[in-house]
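K.L.:
Hey, dropping protein_21.txt in here, compact mmCIF, C-alpha atoms:
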# COMPACT_ATOMS: atom_id res chain seq x y z
CA MET A 1 25.12 0.60 73.28
CA ASN A 2 25.20 -3.15 72.72
CA ASP A 3 21.55 -3.29 73.79
CA LYS A 4 20.75 -0.69 71.16
CA LEU A 5 22.50 -2.81 68.50
CA ALA A 6 20.41 -5.82 69.56
CA ILE A 7 17.19 -3.81 69.26
CA ILE A 8 18.16 -2.48 65.82
CA GLY A 9 19.10 -6.00 64.67
CA ALA A 10 15.80 -7.55 65.81
CA GLU A 11 13.79 -4.69 64.34
CA ALA A 12 15.63 -4.88 61.00
CA GLU A 13 15.18 -8.64 60.75
CA GLU A 14 11.43 -8.35 61.40
CA LYS A 15 10.94 -5.55 58.86
CA ILE A 16 13.03 -7.23 56.17
CA SER A 17 11.22 -10.56 56.51
CA GLY A 18 7.86 -8.77 56.23
CA CYS A 19 8.85 -6.77 53.17
CA ARG A 20 6.50 -7.30 50.19
CA SER A 21 8.19 -5.38 47.37
CA LEU A 22 11.61 -4.41 46.08
CA ALA A 23 10.76 -0.74 46.62
CA GLU A 24 10.06 -1.38 50.33
CA LEU A 25 13.29 -3.36 50.57
CA GLU A 26 15.30 -0.51 49.07
CA ALA A 27 13.77 1.89 51.59
CA LEU A 28 14.95 -0.40 54.43
CA ARG A 29 18.45 -0.57 52.98
CA VAL A 30 18.63 3.22 53.00
CA LEU A 31 17.20 3.29 56.54
CA TYR A 32 19.87 1.00 57.99
CA LEU A 33 22.85 1.08 55.64
CA GLY A 34 22.52 4.39 53.80
CA ARG A 35 24.92 7.31 54.26
CA LYS A 36 22.57 8.69 56.88
CA GLY A 37 21.30 5.29 58.03
CA GLU A 38 21.08 4.15 61.65
CA LEU A 39 24.20 1.97 61.58
CA THR A 40 26.21 4.63 59.79
CA GLU A 41 25.28 7.13 62.46
CA LEU A 42 26.24 4.65 65.20
CA LEU A 43 29.67 4.15 63.67
CA LYS A 44 30.15 7.92 63.62
CA SER A 45 29.44 8.01 67.36
CA VAL A 46 32.24 5.57 68.21
CA SER A 47 34.60 8.47 68.92
CA SER A 48 32.38 9.55 71.82
CA LEU A 49 32.80 6.22 73.65
CA PRO A 50 35.50 5.45 76.19
CA PRO A 51 38.63 4.17 74.45
CA GLU A 52 38.33 0.70 75.94
CA GLU A 53 34.75 0.22 74.50
CA ARG A 54 35.43 1.45 71.01
CA PRO A 55 36.96 -1.72 69.49
CA SER A 56 34.22 -4.06 70.70
CA PHE A 57 31.40 -1.69 69.75
CA GLY A 58 32.87 -1.00 66.30
CA ALA A 59 33.26 -4.72 65.64
CA ALA A 60 29.70 -5.46 66.81
CA THR A 61 28.29 -2.68 64.68
CA ASN A 62 30.12 -3.91 61.56
CA GLN A 63 28.92 -7.47 62.21
CA LEU A 64 25.34 -6.22 62.41
CA LYS A 65 25.86 -4.22 59.24
CA VAL A 66 27.03 -7.36 57.43
CA ARG A 67 24.14 -9.35 58.88
CA ILE A 68 21.54 -6.81 57.72
CA GLY A 69 23.18 -6.73 54.27
CA GLU A 70 22.86 -10.53 54.03
CA LEU A 71 19.22 -10.38 55.10
CA LEU A 72 18.52 -7.70 52.48
CA ASP A 73 20.22 -9.73 49.71
CA ALA A 74 18.36 -12.91 50.63
CA ARG A 75 15.01 -11.15 50.73
CA LYS A 76 15.76 -9.38 47.44
CA ALA A 77 16.44 -12.72 45.75
CA GLY A 78 13.17 -14.10 47.05
CA LEU A 79 11.15 -11.07 45.98
CA SER A 80 12.76 -11.12 42.50
CA VAL A 81 11.71 -14.73 41.98
CA SER A 82 8.16 -13.95 43.13
CA GLN A 83 8.01 -10.89 40.90
CA ARG A 84 9.14 -12.88 37.84
CA LYS A 85 6.58 -15.58 38.54
CA SER A 86 3.85 -12.96 38.84
CA GLN A 87 4.95 -11.29 35.61
CA HIS A 88 5.06 -14.59 33.75
CA SER A 89 1.63 -15.44 35.07
CA GLN A 90 0.24 -12.13 33.82
CA GLU A 91 1.90 -12.48 30.41
CA ALA A 92 1.11 -16.14 29.92
CA VAL A 93 -1.06 -17.14 26.97
CA ASP A 94 -4.01 -19.28 27.89
CA ILE A 95 -3.74 -22.01 25.27
CA THR A 96 -7.13 -23.36 26.28
CA LEU A 97 -8.85 -20.29 24.79
CA PRO A 98 -10.11 -20.64 21.21
CA GLY A 99 -7.92 -18.92 18.60
CA ARG A 100 -8.98 -15.76 16.89
CA ARG A 101 -10.63 -16.25 13.54
CA LEU A 102 -8.56 -15.29 10.51
CA PHE A 103 -10.63 -13.43 7.95
CA ALA A 104 -9.93 -13.98 4.28
CA GLY A 105 -8.87 -10.94 2.29
CA HIS A 106 -10.57 -9.82 -0.89
CA ARG A 107 -9.04 -8.86 -4.21
CA HIS A 108 -10.01 -5.40 -5.37
CA PRO A 109 -12.33 -5.64 -8.40
CA LEU A 110 -9.96 -3.49 -10.50
CA SER A 111 -7.06 -5.82 -9.65
CA GLN A 112 -9.15 -8.85 -10.60
CA LEU A 113 -10.19 -7.23 -13.86
CA LEU A 114 -6.64 -6.27 -14.82
CA GLU A 115 -5.43 -9.82 -14.18
CA ASP A 116 -8.19 -11.20 -16.39
CA ILE A 117 -7.39 -8.69 -19.16
CA SER A 118 -3.67 -9.48 -18.96
CA ASP A 119 -4.34 -13.23 -19.17
CA ILE A 120 -6.49 -12.78 -22.28
CA PHE A 121 -3.89 -10.71 -24.11
CA HIS A 122 -1.04 -12.96 -22.97
CA GLY A 123 -2.89 -15.73 -24.76
CA MET A 124 -2.74 -13.65 -27.95
CA GLY A 125 1.01 -13.08 -27.67
CA PHE A 126 0.99 -9.66 -26.00
CA SER A 127 3.28 -8.68 -23.14
CA VAL A 128 2.72 -6.10 -20.40
CA ALA A 129 4.71 -2.84 -20.60
CA GLU A 130 4.87 -0.22 -17.87
CA GLY A 131 6.06 3.36 -17.56
CA PRO A 132 6.29 6.22 -15.04
CA ASP A 133 3.27 8.19 -13.87
CA VAL A 134 5.27 11.42 -14.21
CA GLU A 135 5.86 12.01 -17.92
CA SER A 136 7.38 14.53 -20.29
CA SER A 137 5.12 16.61 -22.47
CA ARG A 138 7.11 15.23 -25.39
CA ASN A 139 6.07 11.62 -24.74
CA ASN A 140 2.56 12.44 -23.56
CA PHE A 141 1.61 14.82 -26.40
CA ASP A 142 4.24 15.74 -29.01
CA ALA A 143 5.33 12.23 -29.98
CA LEU A 144 1.65 11.26 -30.23
CA ASN A 145 1.00 13.87 -32.91
CA THR A 146 -0.98 16.08 -30.53
CA PRO A 147 -0.54 19.77 -31.51
CA GLU A 148 0.11 22.49 -28.94
CA ASN A 149 -3.34 24.00 -29.44
CA HIS A 150 -5.15 20.72 -28.79
CA PRO A 151 -7.77 21.03 -25.98
CA SER A 152 -6.29 18.08 -24.06
CA ARG A 153 -3.13 20.14 -23.43
CA ASP A 154 -5.04 22.88 -21.64
CA MET A 155 -4.01 23.50 -18.03
CA GLN A 156 -7.59 22.93 -16.96
CA ASP A 157 -7.43 19.36 -18.26
CA THR A 158 -3.87 18.34 -17.37
CA PHE A 159 -1.82 18.29 -14.15
CA TYR A 160 1.39 20.10 -15.10
CA LEU A 161 4.30 19.95 -12.66
CA ASN A 162 6.39 22.94 -13.78
CA ASN A 163 5.90 26.39 -15.28
CA ASP A 164 6.99 25.57 -18.83
CA GLN A 165 4.58 22.61 -18.93
CA SER A 166 7.33 20.19 -19.95
CA LEU A 167 6.57 17.80 -17.08
CA LEU A 168 3.16 16.42 -16.16
CA MET A 169 1.15 13.58 -14.69
CA ARG A 170 0.38 11.39 -17.68
CA THR A 171 -3.14 11.78 -19.04
CA HIS A 172 -3.16 8.30 -20.62
CA THR A 173 -0.83 5.30 -20.85
CA SER A 174 0.02 6.04 -24.50
CA PRO A 175 3.48 7.35 -23.46
CA VAL A 176 4.31 3.75 -22.57
CA GLN A 177 3.77 2.90 -26.24
CA ILE A 178 6.18 5.68 -27.24
CA ARG A 179 8.81 4.50 -24.75
CA THR A 180 8.45 0.90 -25.94
CA MET A 181 8.80 1.77 -29.63
CA LYS A 182 11.84 3.94 -28.90
CA SER A 183 13.50 1.10 -27.01
CA GLN A 184 12.93 -1.79 -29.41
CA PRO A 185 12.49 -2.49 -33.12
CA PRO A 186 9.26 -3.94 -34.54
CA PRO A 187 7.33 -6.16 -34.21
CA VAL A 188 5.60 -4.84 -31.08
CA ARG A 189 2.72 -6.47 -29.22
CA ILE A 190 2.07 -4.89 -25.83
CA ILE A 191 -0.64 -3.81 -23.45
CA ALA A 192 0.06 -0.85 -21.16
CA PRO A 193 -2.02 -0.75 -17.97
CA GLY A 194 -1.61 1.97 -15.35
CA ARG A 195 -2.89 5.03 -13.52
CA CYS A 196 -3.78 8.21 -15.40
CA TYR A 197 -4.49 11.73 -14.20
CA ARG A 198 -6.84 14.42 -15.47
CA ARG A 199 -8.47 17.50 -13.99
CA ASP A 200 -11.94 15.98 -13.83
CA ALA A 201 -14.52 16.93 -11.23
CA ILE A 202 -15.44 13.96 -9.05
CA ASP A 203 -18.86 12.52 -9.81
CA ALA A 204 -20.48 9.12 -10.40
CA SER A 205 -18.51 8.53 -13.63
CA HIS A 206 -15.35 10.66 -13.26
CA MET A 207 -12.30 10.70 -11.00
CA PRO A 208 -9.10 12.75 -11.28
CA VAL A 209 -7.14 9.50 -10.94
CA PHE A 210 -8.27 6.48 -12.92
CA HIS A 211 -6.88 3.41 -14.69
CA GLN A 212 -6.42 2.66 -18.37
CA CYS A 213 -5.21 -0.33 -20.29
CA GLU A 214 -4.01 0.48 -23.79
CA GLY A 215 -2.78 -1.89 -26.46
CA LEU A 216 -0.35 -1.58 -29.38
CA TYR A 217 0.35 -3.88 -32.31
CA VAL A 218 3.05 -3.05 -34.88
CA ASP A 219 4.24 -5.25 -37.74
CA ARG A 220 4.80 -5.18 -41.48
CA LYS A 221 1.16 -5.99 -42.08
CA ALA A 222 -1.68 -4.80 -39.86
CA SER A 223 -5.21 -3.72 -40.67
CA LEU A 224 -8.38 -2.38 -39.10
CA ALA A 225 -9.85 -5.85 -39.61
CA ASP A 226 -7.08 -7.30 -37.41
CA LEU A 227 -7.87 -4.70 -34.75
CA LYS A 228 -11.55 -5.56 -34.80
CA GLY A 229 -10.79 -9.27 -34.62
CA ILE A 230 -8.58 -8.82 -31.55
CA LEU A 231 -11.12 -6.62 -29.76
CA ASN A 232 -13.94 -8.99 -30.67
CA TYR A 233 -12.03 -11.96 -29.23
CA PHE A 234 -11.12 -9.95 -26.14
CA ALA A 235 -14.73 -8.88 -25.51
CA ARG A 236 -16.04 -12.43 -25.78
CA GLN A 237 -13.36 -13.83 -23.48
CA LEU A 238 -13.96 -11.15 -20.87
CA LEU A 239 -17.72 -10.67 -21.00
CA GLY A 240 -19.14 -13.78 -22.66
CA GLU A 241 -19.66 -15.27 -26.10
CA LYS A 242 -22.83 -13.30 -26.78
CA VAL A 243 -21.09 -9.92 -26.70
CA LYS A 244 -20.83 -8.12 -30.05
CA ILE A 245 -18.61 -5.21 -31.05
CA ARG A 246 -19.05 -2.32 -33.47
CA PHE A 247 -16.84 0.50 -34.75
CA ARG A 248 -17.94 4.12 -35.22
CA PRO A 249 -15.83 6.71 -37.10
CA HIS A 250 -14.08 9.21 -34.86
CA PHE A 251 -10.96 11.38 -34.65
CA PHE A 252 -7.84 11.05 -32.52
CA PRO A 253 -4.58 12.86 -33.35
CA PHE A 254 -2.48 9.72 -32.90
CA THR A 255 -4.50 7.32 -35.09
CA GLU A 256 -5.73 7.52 -38.68
CA PRO A 257 -8.30 6.24 -39.38
CA SER A 258 -9.76 6.45 -35.87
CA VAL A 259 -12.80 4.75 -34.39
CA GLU A 260 -14.73 4.50 -31.18
CA TYR A 261 -15.77 0.98 -30.35
CA ASP A 262 -18.86 -0.21 -28.49
CA PHE A 263 -19.91 -3.49 -26.90
CA SER A 264 -23.46 -4.77 -27.15
CA CYS A 265 -25.29 -4.01 -23.90
CA LEU A 266 -24.60 -6.61 -21.23
CA PHE A 267 -27.84 -5.89 -19.42
CA CYS A 268 -30.41 -6.18 -22.20
CA GLY A 269 -28.52 -8.24 -24.76
CA GLY A 270 -28.71 -5.43 -27.31
CA LYS A 271 -32.48 -4.96 -27.13
CA GLY A 272 -32.34 -1.52 -25.51
CA CYS A 273 -32.65 -0.54 -21.85
CA ARG A 274 -32.08 2.32 -19.42
CA VAL A 275 -28.38 1.53 -19.04
CA CYS A 276 -27.64 1.72 -22.77
CA LYS A 277 -30.17 4.54 -23.28
CA GLN A 278 -32.28 2.27 -25.49
CA SER A 279 -29.48 2.00 -28.08
CA GLY A 280 -28.47 -1.58 -27.36
CA TRP A 281 -24.79 -0.55 -27.25
CA LEU A 282 -22.34 0.58 -24.56
CA GLU A 283 -19.55 2.99 -25.47
CA ILE A 284 -16.17 1.60 -24.40
CA SER A 285 -13.25 3.62 -25.78
CA GLY A 286 -11.22 4.63 -28.83
CA ALA A 287 -8.94 2.83 -31.26
CA GLY A 288 -7.45 3.13 -34.73
CA MET A 289 -4.47 2.66 -37.02
CA VAL A 290 -1.30 4.32 -35.73
CA ASP A 291 -0.73 7.65 -37.49
CA PRO A 292 2.42 7.67 -39.72
CA ASN A 293 3.66 10.77 -37.87
CA VAL A 294 3.79 8.77 -34.64
CA PHE A 295 5.98 6.17 -36.33
CA LYS A 296 8.29 8.91 -37.61
CA ASN A 297 8.60 10.33 -34.08
CA VAL A 298 9.90 7.01 -32.73
CA GLY A 299 12.12 6.15 -35.69
CA TYR A 300 9.89 3.57 -37.40
CA ASP A 301 9.49 3.70 -41.17
CA PRO A 302 5.75 4.18 -41.89
CA GLU A 303 6.32 2.90 -45.43
CA VAL A 304 7.41 -0.45 -44.01
CA TYR A 305 5.44 -0.86 -40.80
CA GLN A 306 1.79 -0.58 -39.88
CA GLY A 307 0.12 -0.78 -36.55
CA PHE A 308 -3.01 -0.24 -34.53
CA ALA A 309 -3.72 0.85 -30.99
CA TRP A 310 -6.67 0.87 -28.66
CA GLY A 311 -7.54 1.84 -25.12
CA LEU A 312 -10.10 1.13 -22.46
CA GLY A 313 -10.88 2.48 -19.01
CA LEU A 314 -10.66 -0.22 -16.36
CA GLU A 315 -13.20 1.46 -14.10
CA ARG A 316 -15.71 1.74 -16.94
CA VAL A 317 -15.34 -1.92 -17.93
CA ALA A 318 -15.53 -2.98 -14.26
CA MET A 319 -18.72 -0.96 -13.81
CA LEU A 320 -20.24 -2.73 -16.80
CA ARG A 321 -18.96 -6.15 -15.78
CA TYR A 322 -20.17 -5.97 -12.18
CA GLY A 323 -23.21 -3.71 -12.58
CA ILE A 324 -21.75 -0.82 -10.53
CA ASN A 325 -23.29 2.61 -11.10
CA ASP A 326 -20.81 4.85 -9.22
CA ILE A 327 -17.06 4.95 -9.93
CA ARG A 328 -16.38 6.37 -6.46
CA MET A 329 -17.21 3.03 -4.87
CA PHE A 330 -13.88 1.64 -6.13
CA TYR A 331 -11.94 4.14 -4.00
CA GLN A 332 -13.90 4.37 -0.74
CA GLY A 333 -12.38 1.28 0.87
CA ASP A 334 -15.80 0.10 2.06
CA MET A 335 -15.43 -3.57 3.03
CA ARG A 336 -19.15 -4.14 2.52
CA PHE A 337 -18.54 -3.35 -1.14
CA LEU A 338 -15.17 -5.08 -1.57
CA GLU A 339 -16.32 -8.32 0.12
CA GLN A 340 -18.71 -8.92 -2.76
CA PHE A 341 -15.82 -9.72 -5.11
Output the file's structure in the form of structure tokens.
P.N.:
Amino acid sequence: MNDKLAIIGAEAEEKISGCRSLAELEALRVLYLGRKGELTELLKSVSSLPPEERPSFGAATNQLKVRIGELLDARKAGLSVSQRKSQHSQEAVDITLPGRRLFAGHRHPLSQLLEDISDIFHGMGFSVAEGPDVESSRNNFDALNTPENHPSRDMQDTFYLNNDQSLLMRTHTSPVQIRTMKSQPPPVRIIAPGRCYRRDAIDASHMPVFHQCEGLYVDRKASLADLKGILNYFARQLLGEKVKIRFRPHFFPFTEPSVEYDFSCLFCGGKGCRVCKQSGWLEISGAGMVDPNVFKNVGYDPEVYQGFAWGLGLERVAMLRYGINDIRMFYQGDMRFLEQF
């Protein structure tokens, strides 16, 4: 039996020293020291030996068991170090390689335009006011003197959010003007940029989600001449000193009198071209003196205060400013387009 222990010991030492992985080492531990391992089985057979041989054989077997355990632990420590070195080598960063190039980002043309517009109006004493995209019908229509039978309130033009049509996605940023006037006394000088929503079919000049920037001026004295002066200054600051502005009579329920305003064509200098349809002018948006009923709805005395308001579509102005002929290009996320700005 002692010869058998010597053979097992020599065999175990050879196999353990030649082990190349922790998995192989674990298999050897089970082979020799497991519950059904060779040494465990030998210890179970002690009872079959003559009584005088049992003590010496049991002691020798336990010594071999301890020896194999020490060999396994030593080899495990060595393999663990080697494994860590290999892992570190694989994960190491080669600092001799050139770094990856960092590409500069690009501001979206609508973001650039809005910053420029805000800077211009800040210089004239206006502040920026904001409001929620989800609005009440009261602020979006009623307070703006828009009757219930007005076409803009039709379900085919407006995104209503409930059955009684009391909640909707705002169709313009005019509700921000209402909220501002309700929250503070005159004078008021604000611009209100933001997203708007209408049930428009998508084409080269229409999107169901678009951006507006509206303005409001309220004080004891305000006139259409003041409005034209502000818009004239704004147009020249944004598009160049040669730009001219004109008013055309129009109707809006929230202003009286109301006008639509045009800029002289940026592409032909007012001489007439394909872009301006030979008129020399580009239609921009609407404006006018705030209707007295709007003042009454927010608690302002129309006998004391006057005001004017105007609006403009950011996408439309950006298309004119940058010579873009399709509004959809702003929303496609095409880097070939965005990198030009």
K.L.:
Please check which residues have atoms at most 12 Å from (-0.4, 19.1, -23.8) in the file's coordinates, counting all atoms listed in the file, and write them as a PyMOL selection string.
P.N.:
chain A and resi 135-160+164-172+198
K.L.:
Take the residues just selected and output them with C-alpha atoms as a short mmCIF file (atom, residue, chain, number, x, y, z; two decimals), in the coordinates of the input.
P.N.:
data_model
loop_
_atom_site.label_atom_id
_atom_site.label_comp_id
_atom_site.auth_asym_id
_atom_site.auth_seq_id
_atom_site.Cartn_x
_atom_site.Cartn_y
_atom_site.Cartn_z
CA GLU A 135 5.86 12.01 -17.92
CA SER A 136 7.38 14.53 -20.29
CA SER A 137 5.12 16.61 -22.47
CA ARG A 138 7.11 15.23 -25.39
CA ASN A 139 6.07 11.62 -24.74
CA ASN A 140 2.56 12.44 -23.56
CA PHE A 141 1.61 14.82 -26.40
CA ASP A 142 4.24 15.74 -29.01
CA ALA A 143 5.33 12.23 -29.98
CA LEU A 144 1.65 11.26 -30.23
CA ASN A 145 1.00 13.87 -32.91
CA THR A 146 -0.98 16.08 -30.53
CA PRO A 147 -0.54 19.77 -31.51
CA GLU A 148 0.11 22.49 -28.94
CA ASN A 149 -3.34 24.00 -29.44
CA HIS A 150 -5.15 20.72 -28.79
CA PRO A 151 -7.77 21.03 -25.98
CA SER A 152 -6.29 18.08 -24.06
CA ARG A 153 -3.13 20.14 -23.43
CA ASP A 154 -5.04 22.88 -21.64
CA MET A 155 -4.01 23.50 -18.03
CA GLN A 156 -7.59 22.93 -16.96
CA ASP A 157 -7.43 19.36 -18.26
CA THR A 158 -3.87 18.34 -17.37
CA PHE A 159 -1.82 18.29 -14.15
CA TYR A 160 1.39 20.10 -15.10
CA ASP A 164 6.99 25.57 -18.83
CA GLN A 165 4.58 22.61 -18.93
CA SER A 166 7.33 20.19 -19.95
CA LEU A 167 6.57 17.80 -17.08
CA LEU A 168 3.16 16.42 -16.16
CA MET A 169 1.15 13.58 -14.69
CA ARG A 170 0.38 11.39 -17.68
CA THR A 171 -3.14 11.78 -19.04
CA HIS A 172 -3.16 8.30 -20.62
CA ARG A 198 -6.84 14.42 -15.47
#
K.L.:
CA of Leu266 in chain A to CA of Asp326 in chain A: how many Å, to one decimal?
P.N.:
17.0 Å
K.L.:
Report the closest atom pair, with its distance in Å rounded to one decimal, for each residue of range 204-298 of chain A that has an atom no farther than 10 Å from range 309-321 of chain A; count only C-alpha atoms, sort by chain and then rising residue number, and write it as CSV.
P.N.:
residue,atom,partner,partner_atom,distance
A:Ser205,CA,A:Arg316,CA,8.1
A:His206,CA,A:Glu315,CA,9.5
A:Met207,CA,A:Glu315,CA,9.8
A:Phe210,CA,A:Glu315,CA,7.1
A:His211,CA,A:Leu314,CA,5.5
A:Gln212,CA,A:Gly313,CA,4.5
A:Cys213,CA,A:Leu312,CA,5.5
A:Glu214,CA,A:Gly311,CA,4.0
A:Gly215,CA,A:Trp310,CA,5.3
A:Leu216,CA,A:Ala309,CA,4.5
A:Tyr217,CA,A:Ala309,CA,6.4
A:Val218,CA,A:Ala309,CA,8.7
A:Leu224,CA,A:Ala309,CA,9.9
A:Leu227,CA,A:Ala309,CA,7.9
A:Leu231,CA,A:Trp310,CA,8.8
A:Leu238,CA,A:Arg321,CA,8.7
A:Leu239,CA,A:Arg321,CA,7.0
A:Phe254,CA,A:Ala309,CA,9.2
A:Thr255,CA,A:Ala309,CA,7.7
A:Ser258,CA,A:Ala309,CA,9.6
A:Val259,CA,A:Trp310,CA,9.2
A:Glu260,CA,A:Trp310,CA,9.2
A:Tyr261,CA,A:Trp310,CA,9.3
A:Cys265,CA,A:Leu320,CA,8.8
A:Leu266,CA,A:Leu320,CA,7.3
A:Phe267,CA,A:Leu320,CA,8.6
A:Val275,CA,A:Leu320,CA,9.5
A:Leu282,CA,A:Leu320,CA,8.7
A:Glu283,CA,A:Arg316,CA,9.4
A:Ile284,CA,A:Leu312,CA,6.4
A:Ser285,CA,A:Leu312,CA,5.2
A:Gly286,CA,A:Trp310,CA,5.9
A:Ala287,CA,A:Trp310,CA,4.0
A:Gly288,CA,A:Ala309,CA,5.8
A:Met289,CA,A:Ala309,CA,6.3
A:Val290,CA,A:Ala309,CA,6.4
A:Asp291,CA,A:Ala309,CA,9.9
K.L.:
Extract, using all atoms listed in the file, all DNA, RNA and protein residues at most 12 Å from Glu13 in chain A, discarding same-chain residues fewer than 5 positions from it, and format them as a ChimeraX atom specification.
P.N.:
/A:6-8,18-19,25,28-29,32,64-65,67-72,74-75
K.L.:
Figure out the distance between CA of Val298 in chain A and CA of Ile178 in chain A, please, to one decimal in Å.
P.N.:
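Computing it gives 6.8 Å between the two atoms.
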